[in-house]
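Asker: Have a look at this one.
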Amino acid sequence: MLNIATHSFTDCQALAASLAERVADLLREAIATRGRAVLAVSGGSTPKHFFEHLSHAGLDWSKVQVTLVDERWVPESSDRSNARLVKAMLLTDRAAAATFVPLHQDTPTPEEGLAALEAQVDALALPFDVVVLGMGPDGHTASFFPGGDRLAEALDPAGTVRVIPMRADGAGEPRITFTLPALLDTRALFLHIEGDAKRRVLADAQLGLAEGRDYPVRAVLEQTRVPVSVYWCP
Ligand SMILES: O=C1O[C@H](COP(=O)(O)O)[C@@H](O)[C@H](O)[C@H]1O
């Protein structure tokens, strides 16, 4: 039995506000219960308005660790950098007090930065309280790309590695990504998508109608470890 709840909005600003409110509630709850909260967010273009809303949320951001579900292996000066987006759109206003744990090192390849990255990730007070995934039009989520060179390893439910480099034709640049089991080690999981095309990809992935293509997001939809809340607007 799939454990997916879909929240559809006619307006993407309303989605951004509602998702930010829900995530802020969960972070407040975590702080009240455990004295801290850990949030993992996606990059790309979709989360901008959500980040903007969340940055204004009234909560004790000094007790929140923020990280990324994946990162493009580019310096923060690049406008492809997911960290750059998070710093510009989320870690401002009230959320500026949060601690950011980046997924990047100043090394030519993710493999060369991996040991240092693992040490960075050790600083996170896991499990995550909230993970917010996005999805590309090719059905990738985090950096689980169709045809990714380490996709099987990244999606292995029994895998014990938390972060893994990934290369794929559609990825643009080398990536680093939390693995699926690492991301599922969360108290709440969201999938935020916008547009009819992505909704169709998601529906096809859910029904297994990928016409011979592998839509990695399917692994998130089919797992039974944590319920998925899909937030969608046209
Ligand atoms: O490359 C990435 O793409 C996905 C989707 O991005 P979008 O621009 O279609 O919203 C994103 O979720 C991921 O974090 C990012 O690295």
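Chains: A, B, ... in order of the structure tokens. Residues: from 1 per chain. Ligands: from 1, in order shown.
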Taking only C-alpha atoms and all ligand atoms into account, produce a table as a Markdown table in which each residue of chain A with an atom at most 10 Å from an atom of ligand 1 appears once, together with its shortest atom pair and the distance in Å to one decimal, ordered by chain and rising number.
Answerer:
```
| residue | atom | partner | partner_atom_place_in_ligand_line | distance |
| --- | --- | --- | --- | --- |
| A:Val41 | CA | ligand 1 | 14 (O) | 7.4 |
| A:Ser42 | CA | ligand 1 | 14 (O) | 3.8 |
| A:Gly43 | CA | ligand 1 | 14 (O) | 3.7 |
| A:Gly44 | CA | ligand 1 | 8 (O) | 3.5 |
| A:Ser45 | CA | ligand 1 | 8 (O) | 3.8 |
| A:Thr46 | CA | ligand 1 | 10 (O) | 3.8 |
| A:Pro47 | CA | ligand 1 | 10 (O) | 6.6 |
| A:Lys48 | CA | ligand 1 | 10 (O) | 9.0 |
| A:Leu68 | CA | ligand 1 | 14 (O) | 7.5 |
| A:Val69 | CA | ligand 1 | 14 (O) | 6.4 |
| A:Asp70 | CA | ligand 1 | 14 (O) | 5.5 |
| A:Glu71 | CA | ligand 1 | 16 (O) | 5.4 |
| A:Arg72 | CA | ligand 1 | 16 (O) | 6.0 |
| A:Trp73 | CA | ligand 1 | 16 (O) | 9.8 |
| A:Arg80 | CA | ligand 1 | 1 (O) | 8.4 |
| A:Ser81 | CA | ligand 1 | 16 (O) | 8.4 |
| A:Asn82 | CA | ligand 1 | 16 (O) | 6.5 |
| A:Ala83 | CA | ligand 1 | 16 (O) | 9.9 |
| A:Val132 | CA | ligand 1 | 12 (O) | 8.7 |
| A:Leu133 | CA | ligand 1 | 12 (O) | 5.8 |
| A:Gly134 | CA | ligand 1 | 12 (O) | 3.5 |
| A:Met135 | CA | ligand 1 | 5 (C) | 4.4 |
| A:Gly136 | CA | ligand 1 | 5 (C) | 4.0 |
| A:Pro137 | CA | ligand 1 | 9 (O) | 6.4 |
| A:Asp138 | CA | ligand 1 | 9 (O) | 9.0 |
| A:Gly139 | CA | ligand 1 | 5 (C) | 8.8 |
| A:His140 | CA | ligand 1 | 4 (C) | 6.8 |
| A:Thr141 | CA | ligand 1 | 12 (O) | 5.5 |
| A:Ala142 | CA | ligand 1 | 14 (O) | 4.9 |
| A:Ser143 | CA | ligand 1 | 16 (O) | 6.0 |
| A:Phe144 | CA | ligand 1 | 13 (C) | 9.1 |
| A:Phe145 | CA | ligand 1 | 1 (O) | 9.1 |
| A:Gly170 | CA | ligand 1 | 1 (O) | 9.2 |
| A:Ala171 | CA | ligand 1 | 1 (O) | 6.7 |
| A:Gly172 | CA | ligand 1 | 1 (O) | 8.3 |
| A:Glu173 | CA | ligand 1 | 1 (O) | 9.3 |
| A:Arg175 | CA | ligand 1 | 16 (O) | 7.9 |
| A:Ile176 | CA | ligand 1 | 16 (O) | 9.0 |
| A:Thr177 | CA | ligand 1 | 16 (O) | 8.5 |
| A:Leu191 | CA | ligand 1 | 12 (O) | 8.9 |
| A:His192 | CA | ligand 1 | 12 (O) | 8.4 |
| A:Ile193 | CA | ligand 1 | 10 (O) | 7.2 |
| A:Glu194 | CA | ligand 1 | 10 (O) | 7.9 |
| A:Gly195 | CA | ligand 1 | 9 (O) | 9.8 |
| A:Lys198 | CA | ligand 1 | 9 (O) | 8.7 |
```
Asker: How would the residues just picked look written out with N, CA and C atoms as a CSV table (one decimal), in the first residue's frame?
Answerer:
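Final output, part-v2.csv:
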```csv
chain,number,residue,atom,x,y,z
A,41,VAL,N,16.7,20.5,2.4
A,41,VAL,CA,15.9,21.1,1.3
A,41,VAL,C,16.6,20.8,0.0
A,42,SER,N,15.8,20.9,-1.1
A,42,SER,CA,16.3,20.7,-2.4
A,42,SER,C,16.7,22.1,-3.0
A,43,GLY,N,17.5,21.9,-4.1
A,43,GLY,CA,17.9,23.1,-4.9
A,43,GLY,C,17.0,23.2,-6.1
A,44,GLY,N,17.6,23.7,-7.2
A,44,GLY,CA,16.9,23.9,-8.5
A,44,GLY,C,16.0,25.2,-8.4
A,45,SER,N,15.0,25.3,-9.3
A,45,SER,CA,14.3,26.5,-9.4
A,45,SER,C,13.0,26.5,-8.6
A,46,THR,N,12.4,25.3,-8.3
A,46,THR,CA,11.1,25.2,-7.7
A,46,THR,C,11.0,25.8,-6.3
A,47,PRO,N,12.0,25.7,-5.4
A,47,PRO,CA,11.7,26.0,-4.0
A,47,PRO,C,11.8,27.5,-3.7
A,48,LYS,N,12.1,28.4,-4.7
A,48,LYS,CA,12.3,29.8,-4.3
A,48,LYS,C,11.3,30.4,-3.5
A,68,LEU,N,21.3,20.5,2.4
A,68,LEU,CA,20.7,20.2,1.1
A,68,LEU,C,20.6,18.7,0.9
A,69,VAL,N,19.6,18.3,0.1
A,69,VAL,CA,19.4,16.9,-0.2
A,69,VAL,C,20.5,16.5,-1.2
A,70,ASP,N,20.9,17.5,-2.0
A,70,ASP,CA,22.0,17.2,-3.0
A,70,ASP,C,22.6,18.5,-3.4
A,71,GLU,N,23.8,18.4,-4.1
A,71,GLU,CA,24.5,19.6,-4.5
A,71,GLU,C,25.1,19.3,-5.8
A,72,ARG,N,25.2,20.4,-6.6
A,72,ARG,CA,25.9,20.3,-7.9
A,72,ARG,C,27.4,20.7,-7.6
A,73,TRP,N,28.3,20.0,-8.2
A,73,TRP,CA,29.8,20.2,-7.8
A,73,TRP,C,30.3,21.4,-8.5
A,80,ARG,N,24.6,27.9,-10.5
A,80,ARG,CA,24.1,26.5,-10.5
A,80,ARG,C,24.2,26.0,-9.1
A,81,SER,N,24.8,26.7,-8.2
A,81,SER,CA,25.0,26.2,-6.8
A,81,SER,C,23.7,26.2,-6.0
A,82,ASN,N,23.4,25.0,-5.5
A,82,ASN,CA,22.2,24.9,-4.6
A,82,ASN,C,22.4,25.7,-3.3
A,83,ALA,N,23.7,25.7,-2.8
A,83,ALA,CA,24.0,26.4,-1.6
A,83,ALA,C,23.8,27.9,-1.8
A,132,VAL,N,12.6,18.0,2.3
A,132,VAL,CA,11.7,18.5,1.2
A,132,VAL,C,12.5,18.2,-0.1
A,133,LEU,N,11.9,17.2,-0.9
A,133,LEU,CA,12.5,16.9,-2.2
A,133,LEU,C,11.8,17.7,-3.3
A,134,GLY,N,12.6,17.8,-4.4
A,134,GLY,CA,12.0,18.3,-5.6
A,134,GLY,C,12.0,17.2,-6.6
A,135,MET,N,11.7,17.6,-7.9
A,135,MET,CA,11.8,16.6,-9.0
A,135,MET,C,12.0,17.3,-10.3
A,136,GLY,N,12.9,16.8,-11.1
A,136,GLY,CA,13.2,17.3,-12.4
A,136,GLY,C,12.2,16.7,-13.4
A,137,PRO,N,12.1,17.3,-14.6
A,137,PRO,CA,11.2,16.7,-15.6
A,137,PRO,C,11.5,15.3,-16.1
A,138,ASP,N,12.8,14.9,-15.8
A,138,ASP,CA,13.2,13.6,-16.2
A,138,ASP,C,13.0,12.5,-15.1
A,139,GLY,N,12.3,13.0,-14.0
A,139,GLY,CA,11.9,12.1,-12.9
A,139,GLY,C,13.1,11.9,-11.9
A,140,HIS,N,14.1,12.8,-12.0
A,140,HIS,CA,15.1,12.7,-11.0
A,140,HIS,C,14.7,13.4,-9.7
A,141,THR,N,15.1,12.9,-8.6
A,141,THR,CA,14.9,13.6,-7.3
A,141,THR,C,16.2,13.6,-6.5
A,142,ALA,N,16.4,14.5,-5.7
A,142,ALA,CA,17.8,14.7,-5.1
A,142,ALA,C,18.7,14.6,-6.4
A,143,SER,N,19.8,13.9,-6.3
A,143,SER,CA,20.6,13.7,-7.6
A,143,SER,C,20.5,12.2,-8.0
A,144,PHE,N,19.3,11.7,-7.9
A,144,PHE,CA,19.1,10.3,-8.4
A,144,PHE,C,18.6,10.4,-9.8
A,145,PHE,N,19.6,10.5,-10.7
A,145,PHE,CA,19.3,10.7,-12.1
A,145,PHE,C,19.1,9.4,-12.9
A,170,GLY,N,22.2,13.7,-17.9
A,170,GLY,CA,21.3,14.8,-17.7
A,170,GLY,C,21.6,15.7,-16.5
A,171,ALA,N,22.7,15.4,-15.9
A,171,ALA,CA,23.0,16.1,-14.6
A,171,ALA,C,23.7,17.4,-14.7
A,172,GLY,N,24.3,17.7,-15.9
A,172,GLY,CA,25.0,18.9,-16.1
A,172,GLY,C,26.5,18.9,-15.6
A,173,GLU,N,26.6,18.6,-14.3
A,173,GLU,CA,27.9,18.6,-13.6
A,173,GLU,C,27.9,17.4,-12.6
A,175,ARG,N,27.7,15.5,-9.2
A,175,ARG,CA,26.8,15.8,-8.1
A,175,ARG,C,27.3,15.1,-6.8
A,176,ILE,N,26.8,15.6,-5.7
A,176,ILE,CA,26.9,14.8,-4.5
A,176,ILE,C,25.4,14.7,-4.0
A,177,THR,N,25.0,13.6,-3.4
A,177,THR,CA,23.7,13.5,-3.0
A,177,THR,C,23.6,12.6,-1.7
A,191,LEU,N,7.4,16.1,-1.1
A,191,LEU,CA,7.8,16.2,-2.5
A,191,LEU,C,7.1,17.4,-3.1
A,192,HIS,N,7.9,18.4,-3.5
A,192,HIS,CA,7.3,19.7,-4.0
A,192,HIS,C,7.5,19.8,-5.5
A,193,ILE,N,6.4,19.7,-6.3
A,193,ILE,CA,6.6,19.8,-7.7
A,193,ILE,C,5.6,20.8,-8.3
A,194,GLU,N,6.0,21.5,-9.4
A,194,GLU,CA,5.1,22.5,-10.0
A,194,GLU,C,5.0,22.1,-11.5
A,195,GLY,N,3.8,22.3,-12.1
A,195,GLY,CA,3.6,22.2,-13.5
A,195,GLY,C,2.9,20.9,-13.9
A,198,LYS,N,5.4,17.9,-14.9
A,198,LYS,CA,5.9,17.1,-13.8
A,198,LYS,C,4.8,16.2,-13.1
```
Asker: Report as a PDB file with N, CA and C atoms, in the first residue's frame all protein, DNA and RNA residues lying within 12 Å of Ala14 (chain A), evaluated on only C-alpha atoms, omitting residues in the same chain fewer than 6 positions from it.
Answerer:
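Output file result38.pdb follows:
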```
ATOM      1  N   HIS A   7      -1.421  17.142  -2.004  1.00  0.00           N
ATOM      2  CA  HIS A   7      -2.035  18.435  -1.713  1.00  0.00           C
ATOM      3  C   HIS A   7      -1.907  19.273  -2.984  1.00  0.00           C
ATOM      4  N   SER A   8      -3.037  19.519  -3.652  1.00  0.00           N
ATOM      5  CA  SER A   8      -3.002  20.281  -4.907  1.00  0.00           C
ATOM      6  C   SER A   8      -3.467  21.707  -4.665  1.00  0.00           C
ATOM      7  N   ALA A  20       5.418  26.116   3.600  1.00  0.00           N
ATOM      8  CA  ALA A  20       6.298  26.782   4.585  1.00  0.00           C
ATOM      9  C   ALA A  20       5.674  26.728   5.978  1.00  0.00           C
ATOM     10  N   GLU A  21       4.364  26.918   6.036  1.00  0.00           N
ATOM     11  CA  GLU A  21       3.667  26.870   7.333  1.00  0.00           C
ATOM     12  C   GLU A  21       3.774  25.474   7.953  1.00  0.00           C
ATOM     13  N   HIS A  49      10.017  30.346  -3.889  1.00  0.00           N
ATOM     14  CA  HIS A  49       8.945  31.014  -3.120  1.00  0.00           C
ATOM     15  C   HIS A  49       8.731  30.346  -1.769  1.00  0.00           C
ATOM     16  N   PHE A  50       8.851  29.027  -1.754  1.00  0.00           N
ATOM     17  CA  PHE A  50       8.747  28.296  -0.482  1.00  0.00           C
ATOM     18  C   PHE A  50       9.839  28.788   0.474  1.00  0.00           C
ATOM     19  N   HIS A  53       8.993  32.274   1.904  1.00  0.00           N
ATOM     20  CA  HIS A  53       7.986  32.211   2.976  1.00  0.00           C
ATOM     21  C   HIS A  53       8.592  31.650   4.262  1.00  0.00           C
ATOM     22  N   TYR A 231       3.218  18.080  -2.698  1.00  0.00           N
ATOM     23  CA  TYR A 231       2.626  19.414  -2.851  1.00  0.00           C
ATOM     24  C   TYR A 231       2.779  19.800  -4.317  1.00  0.00           C
ATOM     25  N   TRP A 232       1.639  20.080  -4.949  1.00  0.00           N
ATOM     26  CA  TRP A 232       1.664  20.372  -6.397  1.00  0.00           C
ATOM     27  C   TRP A 232       0.830  21.613  -6.731  1.00  0.00           C
ATOM     28  N   CYS A 233       1.315  22.392  -7.672  1.00  0.00           N
ATOM     29  CA  CYS A 233       0.517  23.480  -8.261  1.00  0.00           C
ATOM     30  C   CYS A 233       0.820  23.510  -9.763  1.00  0.00           C
ATOM     31  N   PRO A 234      -0.087  24.102 -10.588  1.00  0.00           N
ATOM     32  CA  PRO A 234       0.126  24.040 -12.045  1.00  0.00           C
ATOM     33  C   PRO A 234       1.243  24.992 -12.529  1.00  0.00           C
TER      34      PRO A 234
END
```
Asker: Compile a residue-level contact table for region 16-36 of chain A against region 54-57 of chain A at a cut-off of 12 Å, reporting for every qualifying residue the shortest atom pair and its distance in Å to one decimal, with only C-alpha atoms counted, rows ordered by chain and ascending number, as a Markdown table.
Answerer:
```
| residue | atom | partner | partner_atom | distance |
| --- | --- | --- | --- | --- |
| A:Ala16 | CA | A:Leu54 | CA | 8.5 |
| A:Ala17 | CA | A:Leu54 | CA | 7.8 |
| A:Ser18 | CA | A:Leu54 | CA | 9.7 |
| A:Leu19 | CA | A:Leu54 | CA | 8.5 |
| A:Ala20 | CA | A:Leu54 | CA | 4.8 |
| A:Glu21 | CA | A:Leu54 | CA | 7.2 |
| A:Arg22 | CA | A:Leu54 | CA | 9.5 |
| A:Val23 | CA | A:Leu54 | CA | 7.9 |
| A:Ala24 | CA | A:Ala57 | CA | 6.4 |
| A:Asp25 | CA | A:Ala57 | CA | 9.2 |
| A:Leu26 | CA | A:Ala57 | CA | 11.6 |
| A:Leu27 | CA | A:Ala57 | CA | 10.1 |
| A:Arg28 | CA | A:Ala57 | CA | 9.9 |
```
Asker: Could you name the residues that touch Arg218 (chain A) at 10 Å or less, counting only C-alpha atoms, but leaving out those on the same chain fewer than 2 positions away, as a PyMOL selection string?
Answerer: chain A and resi 139-141+201-208+210+214-216+220-223
Asker: Run DSSP on the backbone and give me the residues of region 43-124 of chain A it puts in alpha helix (DSSP H), as a ChimeraX atom specification.
Answerer: /A:48-55,82-89,110-122
Asker: Save out the residues we just selected, N, CA and C atoms, as an mmCIF file, in the first residue's frame.
Answerer:
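Saved result, out-v8.cif, follows:
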```
data_model
loop_
_atom_site.group_PDB
_atom_site.id
_atom_site.type_symbol
_atom_site.label_atom_id
_atom_site.label_comp_id
_atom_site.auth_asym_id
_atom_site.auth_seq_id
_atom_site.Cartn_x
_atom_site.Cartn_y
_atom_site.Cartn_z
ATOM 1 N N LYS A 48 12.064 28.374 -4.663
ATOM 2 C CA LYS A 48 12.349 29.793 -4.331
ATOM 3 C C LYS A 48 11.271 30.439 -3.467
ATOM 4 N N HIS A 49 10.017 30.346 -3.889
ATOM 5 C CA HIS A 49 8.945 31.014 -3.120
ATOM 6 C C HIS A 49 8.731 30.346 -1.769
ATOM 7 N N PHE A 50 8.851 29.027 -1.754
ATOM 8 C CA PHE A 50 8.747 28.296 -0.482
ATOM 9 C C PHE A 50 9.839 28.788 0.474
ATOM 10 N N PHE A 51 11.059 28.926 -0.016
ATOM 11 C CA PHE A 51 12.169 29.402 0.833
ATOM 12 C C PHE A 51 11.851 30.798 1.377
ATOM 13 N N GLU A 52 11.355 31.637 0.496
ATOM 14 C CA GLU A 52 11.070 33.028 0.892
ATOM 15 C C GLU A 52 10.059 33.038 2.047
ATOM 16 N N HIS A 53 8.993 32.274 1.904
ATOM 17 C CA HIS A 53 7.986 32.211 2.976
ATOM 18 C C HIS A 53 8.592 31.650 4.262
ATOM 19 N N LEU A 54 9.355 30.559 4.109
ATOM 20 C CA LEU A 54 9.897 29.902 5.308
ATOM 21 C C LEU A 54 10.893 30.804 6.041
ATOM 22 N N SER A 55 11.616 31.612 5.297
ATOM 23 C CA SER A 55 12.641 32.477 5.934
ATOM 24 C C SER A 55 12.026 33.451 6.940
ATOM 25 N N ASN A 82 23.399 25.021 -5.475
ATOM 26 C CA ASN A 82 22.201 24.947 -4.634
ATOM 27 C C ASN A 82 22.426 25.697 -3.315
ATOM 28 N N ALA A 83 23.664 25.663 -2.806
ATOM 29 C CA ALA A 83 23.974 26.396 -1.560
ATOM 30 C C ALA A 83 23.759 27.893 -1.759
ATOM 31 N N ARG A 84 24.139 28.375 -2.915
ATOM 32 C CA ARG A 84 23.966 29.806 -3.197
ATOM 33 C C ARG A 84 22.484 30.188 -3.116
ATOM 34 N N LEU A 85 21.634 29.324 -3.699
ATOM 35 C CA LEU A 85 20.187 29.569 -3.667
ATOM 36 C C LEU A 85 19.669 29.579 -2.224
ATOM 37 N N VAL A 86 20.078 28.583 -1.453
ATOM 38 C CA VAL A 86 19.600 28.475 -0.066
ATOM 39 C C VAL A 86 20.034 29.692 0.739
ATOM 40 N N LYS A 87 21.283 30.117 0.533
ATOM 41 C CA LYS A 87 21.766 31.281 1.286
ATOM 42 C C LYS A 87 21.019 32.551 0.878
ATOM 43 N N ALA A 88 20.731 32.661 -0.412
ATOM 44 C CA ALA A 88 20.074 33.886 -0.899
ATOM 45 C C ALA A 88 18.587 33.926 -0.551
ATOM 46 N N MET A 89 17.920 32.771 -0.611
ATOM 47 C CA MET A 89 16.454 32.777 -0.500
ATOM 48 C C MET A 89 15.917 32.263 0.828
ATOM 49 N N PRO A 110 33.856 15.512 -6.513
ATOM 50 C CA PRO A 110 33.201 15.123 -5.257
ATOM 51 C C PRO A 110 33.934 13.991 -4.556
ATOM 52 N N GLU A 111 34.571 13.107 -5.339
ATOM 53 C CA GLU A 111 35.291 11.977 -4.714
ATOM 54 C C GLU A 111 36.412 12.509 -3.820
ATOM 55 N N GLU A 112 37.112 13.556 -4.299
ATOM 56 C CA GLU A 112 38.212 14.112 -3.508
ATOM 57 C C GLU A 112 37.720 14.844 -2.263
ATOM 58 N N GLY A 113 36.473 15.295 -2.296
ATOM 59 C CA GLY A 113 35.940 16.019 -1.138
ATOM 60 C C GLY A 113 35.121 15.144 -0.201
ATOM 61 N N LEU A 114 34.984 13.870 -0.568
ATOM 62 C CA LEU A 114 34.029 13.011 0.126
ATOM 63 C C LEU A 114 34.307 12.822 1.622
ATOM 64 N N ALA A 115 35.565 12.590 1.976
ATOM 65 C CA ALA A 115 35.885 12.340 3.394
ATOM 66 C C ALA A 115 35.512 13.577 4.224
ATOM 67 N N ALA A 116 35.858 14.749 3.711
ATOM 68 C CA ALA A 116 35.532 15.983 4.444
ATOM 69 C C ALA A 116 34.021 16.193 4.510
ATOM 70 N N LEU A 117 33.340 15.824 3.424
ATOM 71 C CA LEU A 117 31.876 15.967 3.405
ATOM 72 C C LEU A 117 31.218 15.054 4.429
ATOM 73 N N GLU A 118 31.752 13.828 4.511
ATOM 74 C CA GLU A 118 31.192 12.890 5.497
ATOM 75 C C GLU A 118 31.349 13.452 6.903
ATOM 76 N N ALA A 119 32.468 14.110 7.158
ATOM 77 C CA ALA A 119 32.688 14.727 8.477
ATOM 78 C C ALA A 119 31.676 15.868 8.688
ATOM 79 N N GLN A 120 31.403 16.626 7.624
ATOM 80 C CA GLN A 120 30.398 17.706 7.729
ATOM 81 C C GLN A 120 29.035 17.127 8.095
ATOM 82 N N VAL A 121 28.692 16.041 7.391
ATOM 83 C CA VAL A 121 27.391 15.408 7.604
ATOM 84 C C VAL A 121 27.285 14.818 9.017
ATOM 85 N N ASP A 122 28.422 14.387 9.556
ATOM 86 C CA ASP A 122 28.449 13.884 10.943
ATOM 87 C C ASP A 122 27.981 14.944 11.933
#
```
Asker: Between A:Leu180, A:Gly148, A:Arg199, A:Asp11, single out the one closest to Met166 (chain A), counting only C-alpha atoms.
Answerer: A:Gly148
Asker: Could you pull out all residues of region 62-200 of chain A with a DSSP call of strand (DSSP E or B) and give them as a PyMOL selection string?
Answerer: chain A and resi 64-68+70-72+99-101+128+130-133+141+144+163-166+175-178+186+189-194
Asker: Take the residues from that selection and put them in a file with C-alpha atoms, as a CSV table (one decimal), in the first residue's frame.
Answerer:
```csv
chain,number,residue,atom,x,y,z
A,64,VAL,CA,17.9,24.6,13.4
A,65,GLN,CA,20.4,22.9,11.1
A,66,VAL,CA,19.7,23.3,7.4
A,67,THR,CA,21.3,21.2,4.7
A,68,LEU,CA,20.7,20.2,1.1
A,70,ASP,CA,22.0,17.2,-3.0
A,71,GLU,CA,24.5,19.6,-4.5
A,72,ARG,CA,25.9,20.3,-7.9
A,99,THR,CA,23.3,26.8,11.0
A,100,PHE,CA,23.9,25.8,7.4
A,101,VAL,CA,25.7,22.5,6.7
A,128,PHE,CA,16.1,14.6,9.8
A,130,VAL,CA,11.9,17.4,7.6
A,131,VAL,CA,13.1,16.5,4.1
A,132,VAL,CA,11.7,18.5,1.2
A,133,LEU,CA,12.5,16.9,-2.2
A,141,THR,CA,14.9,13.6,-7.3
A,144,PHE,CA,19.1,10.3,-8.4
A,163,VAL,CA,26.4,10.7,0.8
A,164,ILE,CA,27.5,9.6,-2.6
A,165,PRO,CA,28.9,11.2,-5.8
A,166,MET,CA,26.7,10.9,-8.9
A,175,ARG,CA,26.8,15.8,-8.1
A,176,ILE,CA,26.9,14.8,-4.5
A,177,THR,CA,23.7,13.5,-3.0
A,178,PHE,CA,22.3,12.0,0.2
A,186,THR,CA,13.3,11.5,8.5
A,189,LEU,CA,9.0,13.8,3.9
A,190,PHE,CA,7.6,16.2,1.3
A,191,LEU,CA,7.8,16.2,-2.5
A,192,HIS,CA,7.3,19.7,-4.0
A,193,ILE,CA,6.6,19.8,-7.7
A,194,GLU,CA,5.1,22.5,-10.0
```
Asker: Of the candidates A:Gln13, A:Thr224, A:Ser62, A:Ser78, which one gets nearest to Ile31 (chain A) if we count only C-alpha atoms?
Answerer: A:Ser62
Asker: Between CA of Arg200 (chain A) and CA of Pro157 (chain A), what distance in Å does the model show, to one decimal?
Answerer: 25.8 Å
Asker: When you count only C-alpha atoms, which of these residues is closest to Arg187 (chain A): A:Asp79, A:Asp169, A:Glu29, A:Asp60?
Answerer: A:Glu29
Asker: Can you list, as a PyMOL selection string, every protein, DNA or RNA residue that comes within 12 Å of Gly159 (chain A) when you count only C-alpha atoms, leaving out same-chain residues fewer than 2 positions away?
Answerer: chain A and resi 150-157+161-164+178-184
Asker: Measuring atom to atom with only C-alpha atoms, identify which of A:Thr107, A:Ala168, A:Pro127, A:Thr160 is nearest to Gly147 (chain A).
Answerer: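 Looking only at the distances to Gly147 (chain A), the closest residue turns out to be A:Ala168.
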Asker: Could you tell me which of A:Thr10, A:Pro146, A:Ala5, A:Arg34 comes closest to Arg213 (chain A) if we count only C-alpha atoms?
Answerer: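 Residue with the minimum atom-to-atom distance to Arg213 (chain A): A:Pro146.
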Asker: Smallest atom-to-atom distance to Pro102 (chain A): which of A:Ala197, A:Cys12, A:Leu209, A:Ala123, using only C-alpha atoms?
Answerer: A:Ala123
Asker: Could you jot down the CA of Asp149 (chain A) to CA of Asp185 (chain A) separation for me, Å, one decimal place?
Answerer: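 Computing it gives 23.4 Å between the two atoms.
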